[in-house]
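Printed here is run_12.txt (compact mmCIF, C-alpha atoms):
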# COMPACT_ATOMS: atom_id res chain seq x y z
CA MET A 1 0.00 0.00 0.00
CA PRO A 2 1.59 3.32 -1.02
CA ILE A 3 2.00 5.76 1.84
CA GLU A 4 2.77 9.48 2.17
CA LYS A 5 0.71 10.32 -0.89
CA LEU A 6 -0.23 13.81 0.24
CA THR A 7 2.01 16.83 0.16
CA ALA A 8 1.97 19.80 2.52
CA GLN A 9 0.80 21.99 -0.34
CA GLN A 10 -2.09 19.63 -1.15
CA VAL A 11 -3.14 19.53 2.49
CA THR A 12 -3.34 23.31 2.49
CA ARG A 13 -5.17 23.62 -0.82
CA ILE A 14 -7.85 20.95 -0.32
CA LEU A 15 -11.12 22.84 0.12
CA ARG A 16 -13.76 20.22 -0.57
CA PRO A 17 -15.41 18.18 2.20
CA GLY A 18 -14.34 14.55 2.23
CA ARG A 19 -11.68 12.15 3.41
CA TYR A 20 -8.30 12.13 1.63
CA SER A 21 -5.93 9.18 2.01
CA ASP A 22 -2.25 9.62 2.76
CA GLY A 23 -1.82 5.84 2.79
CA GLY A 24 -1.18 3.44 5.62
CA GLY A 25 -4.57 4.17 7.19
CA LEU A 26 -3.96 7.92 7.60
CA TYR A 27 -6.62 10.28 6.23
CA LEU A 28 -7.08 14.02 6.08
CA GLN A 29 -10.69 14.63 6.99
CA VAL A 30 -12.39 17.82 5.77
CA SER A 31 -15.77 18.64 7.32
CA LYS A 32 -18.69 20.43 5.67
CA THR A 33 -17.49 23.63 7.28
CA LEU A 34 -13.96 22.95 5.90
CA VAL A 35 -12.46 22.12 9.29
CA LYS A 36 -9.51 19.79 8.71
CA SER A 37 -8.40 16.99 11.00
CA TRP A 38 -6.48 13.73 10.89
CA VAL A 39 -8.01 10.26 11.24
CA PHE A 40 -6.36 6.86 11.43
CA ARG A 41 -8.40 3.97 10.03
CA PHE A 42 -7.71 0.38 11.05
CA LYS A 43 -9.39 -3.01 11.38
CA ILE A 44 -9.45 -5.50 14.23
CA ASN A 45 -11.33 -8.79 13.81
CA ASP A 46 -12.81 -7.50 10.54
CA MET A 47 -14.33 -4.54 12.36
CA GLU A 48 -13.45 -1.07 11.11
CA HIS A 49 -12.33 1.58 13.61
CA TYR A 50 -11.38 5.24 13.34
CA MET A 51 -9.08 7.08 15.70
CA GLY A 52 -8.83 10.86 15.66
CA LEU A 53 -5.26 12.21 15.60
CA GLY A 54 -6.07 15.88 16.07
CA PRO A 55 -6.98 18.97 14.03
CA LEU A 56 -4.66 20.21 11.28
CA ARG A 57 -4.15 23.52 13.10
CA LEU A 58 -2.40 21.60 15.92
CA VAL A 59 -1.12 18.50 14.13
CA GLY A 60 0.80 19.03 10.90
CA LEU A 61 1.34 16.46 8.16
CA ARG A 62 4.68 15.20 9.53
CA LYS A 63 3.33 14.81 13.06
CA ALA A 64 0.19 13.06 11.81
CA ARG A 65 2.34 10.56 9.93
CA GLY A 66 4.32 9.91 13.06
CA LYS A 67 1.18 9.22 15.06
CA ALA A 68 -0.13 6.90 12.32
CA ARG A 69 3.22 5.08 12.31
CA GLU A 70 3.00 4.53 16.07
CA ALA A 71 -0.55 3.19 15.70
CA ARG A 72 0.53 0.76 12.96
CA THR A 73 3.35 -0.49 15.16
CA MET A 74 0.89 -1.18 17.98
CA LEU A 75 -1.33 -3.12 15.61
CA THR A 76 1.55 -5.36 14.51
CA LYS A 77 2.06 -6.19 18.21
CA GLY A 78 -1.60 -7.03 18.66
CA THR A 79 -2.44 -3.85 20.58
CA ASN A 80 -5.53 -1.76 19.92
CA PRO A 81 -4.19 1.82 19.59
CA LEU A 82 -7.47 3.32 20.81
CA GLN A 83 -7.41 1.30 24.01
CA ALA A 84 -3.73 2.07 24.51
CA ARG A 85 -4.39 5.80 24.22
CA ARG A 86 -7.26 5.68 26.70
CA LYS A 87 -5.08 3.89 29.19
CA GLN A 88 -2.26 6.35 28.62
CA ASN A 89 -4.57 9.33 29.09
CA ALA A 90 -5.95 7.89 32.31
CA GLN A 91 -2.44 7.38 33.69
CA GLY A 92 -1.31 10.79 32.47
CA GLN A 93 -3.93 12.57 34.52
CA LEU A 94 -2.33 11.20 37.67
CA THR A 95 1.34 11.54 36.71
CA ARG A 96 1.44 15.09 35.33
CA GLY A 97 1.57 16.56 38.81
CA THR A 98 -1.81 18.25 38.37
CA ASN A 99 -4.48 18.00 41.02
CA PRO A 100 -7.54 16.67 39.11
CA LEU A 101 -9.92 18.38 41.55
CA GLN A 102 -8.22 21.75 41.10
CA ALA A 103 -8.22 21.30 37.33
CA ARG A 104 -11.93 20.57 37.35
CA GLN A 105 -12.65 23.54 39.60
CA LYS A 106 -10.67 25.77 37.24
CA GLN A 107 -12.67 24.51 34.28
CA ASN A 108 -15.92 25.13 36.12
CA VAL A 109 -14.86 28.71 36.82
CA GLN A 110 -14.19 29.17 33.14
CA GLY A 111 -17.67 27.84 32.33
CA GLN A 112 -16.42 24.72 30.59
CA ILE A 113 -17.64 21.17 30.95
CA PRO A 114 -14.96 19.16 32.76
CA LEU A 115 -13.95 15.88 31.15
CA CYS A 116 -13.98 13.30 33.90
CA GLY A 117 -12.47 10.26 32.25
CA ASN A 118 -12.50 8.05 29.19
CA LYS A 119 -15.51 6.17 27.92
CA THR A 120 -16.10 4.43 24.63
CA PHE A 121 -19.36 4.90 22.80
CA ASP A 122 -20.37 1.29 23.51
CA GLU A 123 -19.73 1.80 27.21
CA CYS A 124 -21.93 4.89 27.19
CA VAL A 125 -24.68 3.00 25.36
CA THR A 126 -24.66 0.29 28.03
CA GLU A 127 -24.75 2.88 30.80
CA TYR A 128 -27.50 4.89 29.11
CA ILE A 129 -29.76 1.87 28.61
CA GLU A 130 -29.17 0.68 32.16
CA ASN A 131 -30.18 4.10 33.51
CA HIS A 132 -33.33 4.41 31.38
CA LYS A 133 -34.79 0.93 30.91
CA VAL A 134 -36.73 1.04 34.18
CA GLY A 135 -38.65 4.07 32.94
CA TRP A 136 -39.41 2.69 29.48
CA LYS A 137 -43.01 1.56 29.19
CA ASN A 138 -42.23 -1.24 26.73
CA PRO A 139 -39.49 -3.64 27.93
CA ARG A 140 -38.56 -4.26 24.29
CA HIS A 141 -37.20 -0.72 24.00
CA ALA A 142 -33.97 -1.73 25.73
CA SER A 143 -33.29 -4.53 23.23
CA GLN A 144 -34.32 -2.30 20.30
CA TRP A 145 -31.89 0.40 21.43
CA LYS A 146 -29.09 -2.10 21.97
CA ASN A 147 -29.66 -3.97 18.70
CA SER A 148 -29.81 -0.89 16.46
CA LEU A 149 -26.77 0.77 17.98
CA THR A 150 -24.77 -2.47 18.01
CA ARG A 151 -25.61 -3.22 14.40
CA TYR A 152 -25.09 0.18 12.81
CA ALA A 153 -23.10 2.44 15.16
CA SER A 154 -20.71 0.08 16.96
CA PRO A 155 -18.85 -1.08 13.81
CA CYS A 156 -18.09 2.57 13.01
CA PHE A 157 -17.20 4.01 16.42
CA GLY A 158 -18.18 1.60 19.18
CA GLU A 159 -14.62 1.45 20.51
CA VAL A 160 -13.93 5.13 19.92
CA ASP A 161 -13.66 7.45 22.91
CA VAL A 162 -16.90 9.46 22.94
CA ARG A 163 -14.98 12.73 23.07
CA GLU A 164 -13.47 11.89 19.66
CA ILE A 165 -16.73 11.11 17.86
CA ASP A 166 -17.36 13.74 15.23
CA THR A 167 -19.76 14.39 12.38
CA ALA A 168 -17.80 12.27 9.91
CA LEU A 169 -18.08 9.20 12.12
CA VAL A 170 -21.79 9.74 12.72
CA LEU A 171 -22.36 10.06 8.97
CA GLN A 172 -20.40 6.86 8.43
CA ALA A 173 -23.05 5.02 10.47
CA LEU A 174 -26.06 6.80 8.98
CA LYS A 175 -25.33 7.19 5.28
CA PRO A 176 -25.42 3.48 4.27
CA ILE A 177 -29.04 3.15 5.46
CA TRP A 178 -30.34 6.73 5.28
CA THR A 179 -32.11 6.33 1.93
CA THR A 180 -32.85 2.59 2.09
CA LYS A 181 -33.96 2.18 5.72
CA THR A 182 -35.03 5.73 6.45
CA GLU A 183 -37.12 5.08 9.55
CA THR A 184 -34.41 2.91 11.10
CA ALA A 185 -31.75 5.48 10.25
CA SER A 186 -33.80 8.32 11.72
CA ARG A 187 -34.25 6.43 14.99
CA LEU A 188 -30.57 5.53 14.98
CA ARG A 189 -29.58 9.19 14.63
CA GLU A 190 -31.80 10.19 17.52
CA ARG A 191 -30.39 7.42 19.72
CA ILE A 192 -26.80 8.37 18.91
CA GLU A 193 -27.63 11.99 19.73
CA ARG A 194 -29.12 11.06 23.07
CA VAL A 195 -26.21 8.82 24.04
CA LEU A 196 -23.71 11.56 23.18
CA SER A 197 -25.77 14.12 25.13
CA PHE A 198 -25.77 11.70 28.06
CA ALA A 199 -21.97 11.41 27.77
CA ALA A 200 -21.58 15.19 27.68
CA ILE A 201 -23.70 15.69 30.79
CA LEU A 202 -21.53 13.18 32.65
CA GLY A 203 -18.39 14.96 31.49
CA TYR A 204 -17.08 12.32 29.08
CA ARG A 205 -17.11 14.70 26.13
CA ALA A 206 -17.50 18.40 25.36
CA GLY A 207 -18.62 20.52 22.46
CA ALA A 208 -21.61 20.42 20.14
CA ASN A 209 -23.41 17.14 19.54
CA PRO A 210 -22.38 15.83 16.08
CA ALA A 211 -25.60 13.79 15.77
CA ARG A 212 -27.95 16.76 16.20
CA TRP A 213 -30.36 17.36 13.33
CA GLN A 214 -31.33 21.04 13.51
CA LYS A 215 -28.84 23.34 11.77
CA HIS A 216 -26.36 20.50 11.43
CA LEU A 217 -27.11 17.08 9.90
CA GLN A 218 -30.14 18.54 8.16
CA GLU A 219 -27.63 20.40 5.97
CA LEU A 220 -25.82 17.17 5.10
CA LEU A 221 -28.63 14.64 4.70
CA PRO A 222 -32.03 14.79 2.97
CA SER A 223 -34.97 15.08 5.31
CA PRO A 224 -36.57 11.72 6.20
CA SER A 225 -39.96 13.15 5.22
CA GLN A 226 -38.64 13.73 1.69
CA LEU A 227 -37.39 10.16 1.40
CA LYS A 228 -40.23 8.15 2.86
CA GLU A 229 -43.82 8.56 1.84
CA VAL A 230 -46.16 8.33 4.82
CA ARG A 231 -48.09 5.10 4.51
CA HIS A 232 -51.41 4.81 6.29
CA HIS A 233 -52.86 1.48 7.34
CA PRO A 234 -54.95 0.12 4.43
CA ALA A 235 -58.61 0.37 5.38
CA VAL A 236 -62.02 -0.80 4.20
CA PRO A 237 -64.01 2.24 2.97
CA TYR A 238 -66.72 3.01 5.49
CA GLN A 239 -69.38 2.59 2.78
CA GLU A 240 -68.41 -1.13 2.59
CA ILE A 241 -68.26 -1.82 6.31
CA ALA A 242 -71.79 -3.24 6.61
CA GLY A 243 -71.19 -5.69 3.74
CA PHE A 244 -67.87 -6.72 5.26
CA PHE A 245 -69.40 -7.09 8.73
CA SER A 246 -72.18 -9.35 7.44
CA GLN A 247 -69.54 -11.97 6.54
CA PHE A 248 -68.98 -12.62 10.22
CA ASP A 249 -72.28 -14.56 10.27
CA MET A 250 -70.63 -17.18 8.06
CA GLU A 251 -67.14 -16.82 9.50
CA LYS A 252 -66.21 -19.77 11.72
CA ARG A 253 -62.60 -18.88 12.45
CA ARG A 254 -61.63 -18.14 16.05
CA GLY A 255 -60.35 -14.71 15.08
CA ALA A 256 -63.75 -13.51 13.84
CA PRO A 257 -65.08 -12.30 17.23
CA VAL A 258 -61.74 -10.62 17.95
CA LEU A 259 -61.86 -8.67 14.70
CA ALA A 260 -65.55 -7.81 15.09
CA PHE A 261 -65.00 -6.53 18.64
CA THR A 262 -62.00 -4.51 17.43
CA ILE A 263 -64.11 -2.83 14.74
CA LEU A 264 -67.05 -2.07 17.05
CA THR A 265 -64.93 -0.57 19.84
CA VAL A 266 -62.41 1.17 17.48
CA ALA A 267 -59.74 0.13 19.98
CA ARG A 268 -56.16 -0.68 19.08
CA THR A 269 -55.54 -4.34 18.32
CA SER A 270 -53.13 -4.77 21.24
CA GLU A 271 -55.78 -3.44 23.63
CA VAL A 272 -58.35 -5.93 22.35
CA LEU A 273 -56.05 -8.94 22.26
CA MET A 274 -55.04 -8.43 25.89
CA ALA A 275 -58.57 -7.63 27.15
CA ARG A 276 -59.51 -9.25 30.46
CA TRP A 277 -62.89 -10.05 31.98
CA ALA A 278 -62.01 -7.97 35.04
CA GLU A 279 -62.07 -4.88 32.80
CA ILE A 280 -65.71 -5.39 31.73
CA ASP A 281 -68.67 -3.91 33.58
CA PHE A 282 -71.73 -5.52 31.97
CA GLU A 283 -74.20 -3.55 34.04
CA ALA A 284 -72.69 -0.16 33.16
CA ARG A 285 -71.82 -1.41 29.63
CA ILE A 286 -68.23 -0.17 29.95
CA TRP A 287 -64.84 -1.65 29.12
CA THR A 288 -62.11 0.07 31.18
CA ILE A 289 -58.61 -0.34 29.75
CA PRO A 290 -55.92 0.31 32.40
CA SER A 291 -53.25 2.94 31.78
CA GLU A 292 -50.40 0.45 31.50
CA ARG A 293 -51.96 -1.02 28.35
CA MET A 294 -52.72 2.31 26.70
CA LYS A 295 -50.44 4.08 24.25
CA SER A 296 -51.23 7.36 26.00
CA ALA A 297 -50.45 5.81 29.41
CA ARG A 298 -53.89 6.98 30.60
CA GLN A 299 -56.89 4.87 31.57
CA HIS A 300 -59.48 4.71 28.80
CA ARG A 301 -63.18 3.88 29.15
CA VAL A 302 -64.87 2.34 26.12
CA PRO A 303 -68.69 2.45 25.91
CA LEU A 304 -70.02 -0.90 24.70
CA ALA A 305 -72.79 -1.00 22.13
CA GLU A 306 -75.23 -3.92 22.16
CA ALA A 307 -73.42 -5.66 19.28
CA ALA A 308 -70.15 -5.57 21.23
CA LEU A 309 -71.89 -6.92 24.33
CA ASP A 310 -73.30 -9.81 22.27
CA ILE A 311 -69.75 -10.80 21.31
CA LEU A 312 -68.70 -10.75 24.97
CA ARG A 313 -71.65 -12.92 25.97
CA ARG A 314 -70.64 -15.53 23.37
CA GLN A 315 -67.07 -15.48 24.67
CA ALA A 316 -68.11 -15.97 28.29
CA GLY A 317 -66.86 -19.19 29.87
CA LEU A 318 -63.98 -19.80 27.44
CA HIS A 319 -61.34 -18.60 29.90
CA PRO A 320 -61.40 -17.17 33.44
CA VAL A 321 -59.04 -14.29 32.62
CA TRP A 322 -58.76 -13.62 28.88
CA ILE A 323 -61.79 -12.54 26.86
CA PHE A 324 -60.13 -13.83 23.69
CA PRO A 325 -57.95 -16.77 24.82
CA GLY A 326 -55.26 -18.11 22.54
CA ARG A 327 -54.48 -21.71 21.65
CA LYS A 328 -51.77 -21.97 24.28
CA LYS A 329 -52.81 -22.48 27.87
CA ASP A 330 -53.32 -19.26 29.85
CA SER A 331 -52.37 -17.00 26.95
CA ALA A 332 -54.16 -14.42 24.85
CA PHE A 333 -54.42 -14.39 21.07
CA ASN A 334 -51.42 -13.34 19.03
CA ALA A 335 -51.79 -10.40 16.60
CA SER A 336 -51.36 -12.81 13.69
CA ILE A 337 -54.91 -14.09 14.32
CA LEU A 338 -56.32 -10.86 12.88
CA ARG A 339 -54.16 -11.04 9.76
CA ASP A 340 -55.15 -14.67 9.25
CA THR A 341 -58.83 -13.81 9.65
CA LEU A 342 -58.66 -10.99 7.11
CA ARG A 343 -56.78 -13.22 4.68
CA HIS A 344 -59.41 -15.96 5.10
CA MET A 345 -62.09 -13.37 4.34
CA ASN A 346 -60.22 -12.43 1.14
CA ARG A 347 -59.29 -9.00 2.55
CA ALA A 348 -55.53 -9.37 2.95
CA ASP A 349 -55.32 -5.92 1.37
CA VAL A 350 -56.40 -4.21 4.62
CA THR A 351 -55.30 -4.24 8.27
CA ALA A 352 -57.26 -4.48 11.50
CA HIS A 353 -55.84 -1.13 12.58
CA GLY A 354 -57.19 0.39 9.38
CA PHE A 355 -60.76 0.12 10.67
CA ARG A 356 -59.97 2.98 13.05
CA SER A 357 -59.41 5.10 9.95
CA SER A 358 -62.69 3.84 8.47
CA PHE A 359 -64.46 4.96 11.64
CA ARG A 360 -62.80 8.37 11.65
CA VAL A 361 -63.79 9.12 8.04
CA TRP A 362 -67.34 7.87 8.68
CA ALA A 363 -67.68 10.11 11.76
CA ALA A 364 -66.51 13.13 9.76
CA GLU A 365 -68.60 12.53 6.65
CA ARG A 366 -71.79 10.89 7.93
CA THR A 367 -72.37 12.32 11.42
CA THR A 368 -72.62 15.72 13.08
CA TYR A 369 -70.59 14.81 16.16
CA PRO A 370 -67.74 17.24 16.91
CA LYS A 371 -64.38 15.91 15.76
CA GLU A 372 -63.15 15.96 19.37
CA ILE A 373 -65.66 13.22 20.24
CA ALA A 374 -64.34 10.96 17.48
CA GLU A 375 -60.75 11.64 18.53
CA LEU A 376 -61.54 10.77 22.14
CA ALA A 377 -63.25 7.57 21.00
CA LEU A 378 -59.95 6.64 19.33
CA ALA A 379 -58.11 7.46 22.59
CA HIS A 380 -56.24 10.30 20.89
CA ARG A 381 -55.10 13.36 22.78
CA VAL A 382 -57.26 16.37 22.00
CA GLY A 383 -55.97 19.95 22.07
CA SER A 384 -52.92 21.36 23.81
CA LYS A 385 -51.74 20.46 27.30
CA VAL A 386 -53.36 23.64 28.59
CA GLU A 387 -56.70 22.70 27.02
CA ALA A 388 -56.38 19.17 28.41
CA ALA A 389 -55.83 20.58 31.90
CA TYR A 390 -59.18 22.39 31.75
CA GLN A 391 -61.04 19.65 29.84
CA ARG A 392 -61.36 17.14 32.68
CA SER A 393 -64.33 15.25 31.20
CA ASP A 394 -63.83 12.39 28.75
CA LEU A 395 -67.25 13.21 27.22
CA PHE A 396 -68.23 9.63 27.83
CA GLU A 397 -71.97 9.88 27.15
CA GLN A 398 -71.38 11.59 23.81
CA ARG A 399 -68.89 8.87 22.92
CA ARG A 400 -71.44 6.27 23.91
CA ASN A 401 -73.91 7.72 21.43
CA LEU A 402 -71.24 7.88 18.74
CA LEU A 403 -70.20 4.22 19.14
CA ARG A 404 -73.87 3.18 19.28
CA ASP A 405 -74.38 4.83 15.88
CA TRP A 406 -71.15 3.27 14.58
CA ALA A 407 -72.34 -0.19 15.64
CA ARG A 408 -75.67 0.36 13.88
CA TRP A 409 -73.75 1.39 10.74
CA CYS A 410 -71.49 -1.67 10.91
CA THR A 411 -74.33 -4.14 11.44
CA GLY A 412 -76.41 -2.75 8.59
CA CYS A 413 -79.07 -1.09 10.67
CA VAL A 414 -78.48 2.13 8.72
CA ASP A 415 -78.76 2.34 4.95
CA PRO A 416 -75.24 3.30 3.70
CA HIS A 417 -76.81 4.81 0.55
CA PRO A 418 -79.89 6.82 1.68

Encoded form (structure tokens):
Amino acid sequence: MPIEKLTAQQVTRILRPGRYSDGGGLYLQVSKTLVKSWVFRFKINDMEHYMGLGPLRLVGLRKARGKAREARTMLTKGTNPLQARRKQNAQGQLTRGTNPLQARQKQNVQGQIPLCGNKTFDECVTEYIENHKVGWKNPRHASQWKNSLTRYASPCFGEVDVREIDTALVLQALKPIWTTKTETASRLRERIERVLSFAAILGYRAGANPARWQKHLQELLPSPSQLKEVRHHPAVPYQEIAGFFSQFDMEKRRGAPVLAFTILTVARTSEVLMARWAEIDFEARIWTIPSERMKSARQHRVPLAEAALDILRRQAGLHPVWIFPGRKKDSAFNASILRDTLRHMNRADVTAHGFRSSFRVWAAERTTYPKEIAELALAHRVGSKVEAAYQRSDLFEQRRNLLRDWARWCTGCVDPHP
């Protein structure tokens, strides 16, 4: 591999963002704002790593080559140069004759964030997840965070000291999937940003967050909204609901009552699948979904129309806990039961969640109920936080009337073409 390909004159004259190889793993890195720095690229166990060697204003070409040479020597001896530098920095803080407490106090006086040690990005990820997983509503969030960051960010800068992670490294993780897996990439960027913010607060790094979107990455990457068309859940047009609903009379599959109850209550599928008998008040004709099972984390009362109550009466006695018991002992139905039911009814082109959209369009076009009533029936937040603070009522009786009319529409008691 040819080395020392750059000249001092070239280094000075390069004015286009990018990464320029000097050979031997050494690169001149030029940011979007034309800030120049040195990076050493190397591989260990087929995993690519980048180690910052300093900005051009402090580290000239000759010095950068010397640092790259030292790193290559370490690699030939089986030593990870990044780990060696972290260890050296940690020892240097104690051997330079400087009182760390006094140094930190001095930095605080100057209004700077004190750096309190060395942490790799992967170490910060582990610490961040450990600190937050208790507060996450869905226990899967921890594994989703870990999996996405391990798969896409760790190969690029997992072993890099968080204080050395810059925009170029963040882009290295995002660019390969930004246009092909836009939603995943967008979540990945946000997670990287939050981990780096976490590291900065703890004093492991300083300076602006290289993963921030506003006035930074938005200038380097196309907006996710421009790349991915918003796709709504496919739905049955509300004009066809009665015809669709009539098929349930002939439908013998176990998922039929689950789907019918989902349509009549306009609840989310997860709320229906996990419904318990203890949540049903037959006398008051109310289904109360506890806050821990609601997307909004607030208790939601669902008024039950007569058609929905009929389904519950037919389900009575099948299981002491679950309204819609699954095939496995003491378990509820899996979400796949709804997909299978729709496919069996020759409507694989729609989703169970899409019936919420059917309801919303019907309420807007065929009723005179205020839109807030329909939104509350869907368990959506209505208005600003200030408005919510004053609007204490859930307008239950109006929602009861709305869902009664919806049930009559679904069961064909109302002519869809008057």

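Candidate residues A:Ile44, A:Met51, A:Leu273, A:Ala379 were compared for distance to Ala297 of chain A, and the nearest is A:Ala379, using only C-alpha atoms.
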
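The spacing separating atom CA of His141 of chain A from atom CA of Thr179 of chain A amounts to 23.7 Å.
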
For a quick check of your reading of the model, name the residues lying within 6 Å of the coordinate (-16.2, 9.8, 28.6), counting only C-alpha atoms, and write them as an mmCIF file with C-alpha atoms, keeping the file's coordinate frame.
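Result file follows (part-v4.cif):
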data_model
loop_
_atom_site.group_PDB
_atom_site.id
_atom_site.type_symbol
_atom_site.label_atom_id
_atom_site.label_comp_id
_atom_site.auth_asym_id
_atom_site.auth_seq_id
_atom_site.Cartn_x
_atom_site.Cartn_y
_atom_site.Cartn_z
ATOM 1 C CA GLY A 117 -12.470 10.260 32.250
ATOM 2 C CA ASN A 118 -12.500 8.050 29.190
ATOM 3 C CA LYS A 119 -15.510 6.170 27.920
ATOM 4 C CA VAL A 162 -16.900 9.460 22.940
ATOM 5 C CA TYR A 204 -17.080 12.320 29.080
ATOM 6 C CA ARG A 205 -17.110 14.700 26.130
#

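Interatomic distance, atom CA of Phe121 of chain A to atom CA of Glu159 of chain A: 6.3 Å.
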
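Each of A:Ser225, A:Gln299, A:Thr12, A:Ser336 was checked against Val35 of chain A using all atoms listed in the file; the smallest atom-to-atom distance is that of A:Thr12.
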
Tell me, as an MDAnalysis selection string, which residues lie within 9 Å of segment 316-322 of chain A, counting only C-alpha atoms; anything in the same chain fewer than 3 positions away does not count. chainID A and resid 273:278 311:313 325:326 330:333

Computed interatomic separation between atom CA of Leu58 of chain A and atom CA of Lys215 of chain A (Å): 26.8 Å

Proximity of segment 124-176 of chain A to segment 63-84 of chain A: per-residue shortest pair, 12 Å limit, only C-alpha atoms, as JSON lines:
{"residue": "A:Phe157", "atom": "CA", "partner": "A:Leu82", "partner_atom": "CA", "distance": 10.7}
{"residue": "A:Gly158", "atom": "CA", "partner": "A:Leu82", "partner_atom": "CA", "distance": 11.0}
{"residue": "A:Glu159", "atom": "CA", "partner": "A:Leu82", "partner_atom": "CA", "distance": 7.4}
{"residue": "A:Val160", "atom": "CA", "partner": "A:Leu82", "partner_atom": "CA", "distance": 6.8}
{"residue": "A:Asp161", "atom": "CA", "partner": "A:Leu82", "partner_atom": "CA", "distance": 7.7}
{"residue": "A:Val162", "atom": "CA", "partner": "A:Leu82", "partner_atom": "CA", "distance": 11.5}
{"residue": "A:Glu164", "atom": "CA", "partner": "A:Leu82", "partner_atom": "CA", "distance": 10.5}

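Among the candidates A:Ser143, A:Thr262, A:Thr120, A:Asn131, the one nearest to Ile165 of chain A when counting all atoms listed in the file is A:Thr120.
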
Pick from A:Pro17, A:Pro222, A:Gly24, A:Pro55, whichever lies nearest to Ser186 of chain A using all atoms listed in the file: A:Pro222

When you count all atoms listed in the file, which of these residues is closest to Pro234 of chain A: A:Ser21, A:Thr368, A:Thr351, A:Gln9? A:Thr351

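Considering the residues A:Lys32, A:Arg400, A:Arg285, A:Lys133 and counting all atoms listed in the file, Pro210 of chain A has its shortest atom-to-atom contact with A:Lys32.
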
Please complete segment 307-319 of chain A with N, CA and C atoms and give it back as a PDB file, in the frame of the given file.
ATOM      1  N   ALA A 307     -74.099  -4.661  20.119  1.00  0.00           N
ATOM      2  CA  ALA A 307     -73.420  -5.660  19.280  1.00  0.00           C
ATOM      3  C   ALA A 307     -72.114  -6.109  19.909  1.00  0.00           C
ATOM      4  N   ALA A 308     -71.400  -5.201  20.553  1.00  0.00           N
ATOM      5  CA  ALA A 308     -70.150  -5.570  21.230  1.00  0.00           C
ATOM      6  C   ALA A 308     -70.440  -6.431  22.451  1.00  0.00           C
ATOM      7  N   LEU A 309     -71.511  -6.110  23.176  1.00  0.00           N
ATOM      8  CA  LEU A 309     -71.890  -6.920  24.330  1.00  0.00           C
ATOM      9  C   LEU A 309     -72.289  -8.334  23.915  1.00  0.00           C
ATOM     10  N   ASP A 310     -72.932  -8.482  22.764  1.00  0.00           N
ATOM     11  CA  ASP A 310     -73.300  -9.810  22.270  1.00  0.00           C
ATOM     12  C   ASP A 310     -72.070 -10.673  22.049  1.00  0.00           C
ATOM     13  N   ILE A 311     -70.999 -10.061  21.517  1.00  0.00           N
ATOM     14  CA  ILE A 311     -69.750 -10.800  21.310  1.00  0.00           C
ATOM     15  C   ILE A 311     -69.194 -11.265  22.649  1.00  0.00           C
ATOM     16  N   LEU A 312     -69.209 -10.384  23.642  1.00  0.00           N
ATOM     17  CA  LEU A 312     -68.700 -10.750  24.970  1.00  0.00           C
ATOM     18  C   LEU A 312     -69.506 -11.878  25.585  1.00  0.00           C
ATOM     19  N   ARG A 313     -70.806 -11.850  25.410  1.00  0.00           N
ATOM     20  CA  ARG A 313     -71.650 -12.920  25.970  1.00  0.00           C
ATOM     21  C   ARG A 313     -71.315 -14.263  25.338  1.00  0.00           C
ATOM     22  N   ARG A 314     -71.003 -14.266  24.034  1.00  0.00           N
ATOM     23  CA  ARG A 314     -70.640 -15.530  23.370  1.00  0.00           C
ATOM     24  C   ARG A 314     -69.267 -16.023  23.805  1.00  0.00           C
ATOM     25  N   GLN A 315     -68.414 -15.092  24.231  1.00  0.00           N
ATOM     26  CA  GLN A 315     -67.070 -15.480  24.670  1.00  0.00           C
ATOM     27  C   GLN A 315     -67.049 -15.942  26.121  1.00  0.00           C
ATOM     28  N   ALA A 316     -68.083 -15.647  26.863  1.00  0.00           N
ATOM     29  CA  ALA A 316     -68.110 -15.970  28.290  1.00  0.00           C
ATOM     30  C   ALA A 316     -67.921 -17.472  28.510  1.00  0.00           C
ATOM     31  N   GLY A 317     -67.094 -17.795  29.497  1.00  0.00           N
ATOM     32  CA  GLY A 317     -66.860 -19.190  29.870  1.00  0.00           C
ATOM     33  C   GLY A 317     -65.702 -19.850  29.166  1.00  0.00           C
ATOM     34  N   LEU A 318     -65.108 -19.185  28.153  1.00  0.00           N
ATOM     35  CA  LEU A 318     -63.980 -19.800  27.440  1.00  0.00           C
ATOM     36  C   LEU A 318     -62.698 -19.753  28.254  1.00  0.00           C
ATOM     37  N   HIS A 319     -62.546 -18.718  29.079  1.00  0.00           N
ATOM     38  CA  HIS A 319     -61.340 -18.600  29.900  1.00  0.00           C
ATOM     39  C   HIS A 319     -61.658 -17.703  31.090  1.00  0.00           C
TER      40      HIS A 319
END
